[in-house]
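The structure under discussion appears below in the form of structure tokens.
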Amino acid sequence: MRADPAYRKITADEFLAMNFGTDKKFELEDGVIVMMTGGTEPHAWVQGNIHSWLRQRLRGTGCRPYNADMAVQVSETEIRYPDVSIYCDQPPRADLVDHCTLSDPRVVIEVLSPSTTTLDQGSKLEEYKRIASIRTIAFVDPINEMCRTVERQPGIGWLDHMFSGTSGIVIPSLSLTIPHAEIFARD
């Protein structure tokens, strides 16, 4: 579709108003609808581990973790669905019933797969960096059991912890570290 000159790019609002009527997931990339690949068991398991751990630790703090069902509007022509995102200081949940996106994520986490690792750590990373509220962007490789954390440093830019080893995902803005053992727990 992207190469077809007859294809009109759409806005984030138009994309969010669409009913795809399928169990497939789509993102909006530069005004073009892109189908997301399906996840693998290791991907789903690690995503669940992270989300579950965060739900327990963030309860009552004013910050809430969401899974890949909650969209992040990156721009007027880009919608992404990170595997896990954390939002703080949001309105009460009862006020958010009809929301497909939330404003100002503080943290986004992408679980990598062989087919998405280049996109996730390339253009998606750059998109997430443009969101002023984001303090931490993390990438988790479920196959090699490695994490990469990119952290906003006020006045300096971004600090990239390419290989965190067994330190897990450090989230300074929330005073949390998701332990490596919890991220990759087998059961």
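Letters for chains follow the order of the structure tokens (A, B, ...), residue numbers begin at 1 for each chain, and ligand numbers begin at 1 in the order shown.
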
*asked:* So that I can check the secondary structure, give me every residue of chain A assigned helix (DSSP H, G or I) by backbone DSSP, as a count of residues only.
replied: 48

_Nearby residues (only C-alpha atoms) at most 9 Å from region 71-78 of chain A, same-chain spacing under 5 positions excluded, as a list in words_ =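 So the residues in contact are Lys9, Ile10, Thr11, Ala12, Asp13, Phe15, Glu27, Leu28, Glu29, Asp30, Gly31, Val32, Ser85, Cys100, Thr101, Leu102, Ser103, Asp104, Pro105, Glu127, Tyr128, Arg130 and Ile131 of chain A.
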
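Of the residues in region 54-122 of chain A, those that DSSP places in strand (DSSP E) on the basis of the backbone are Cys63, Arg64, Pro65, Tyr66, Val72, Gln73, Val74, Ser75, Glu78, Ile79, Arg80, Val84, Ser85, Ile86, Tyr87, Cys88, Pro105, Arg106, Val107, Val108, Ile109, Glu110 and Val111 of chain A.
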
*May I ask for the distance between CA of Ile143 (chain A) and CA of Gly122 (chain A), given in Å to one decimal place?*
19.1 Å

*asked:* Excluding Leu119 (chain A) and its own-chain neighbours fewer than 6 positions away, which residues fall within 12 Å of it when counting only C-alpha atoms? Please give them as a ChimeraX atom specification.
replied: /A:29,36-37,80,110-113,125-127,139

*Rank nothing, just name the residue among A:Ala181, A:Ile50, A:Ile109, A:Ala132 nearest to Glu145 (chain A), using only C-alpha atoms.*
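Nearest to Glu145 (chain A): A:Ala181.
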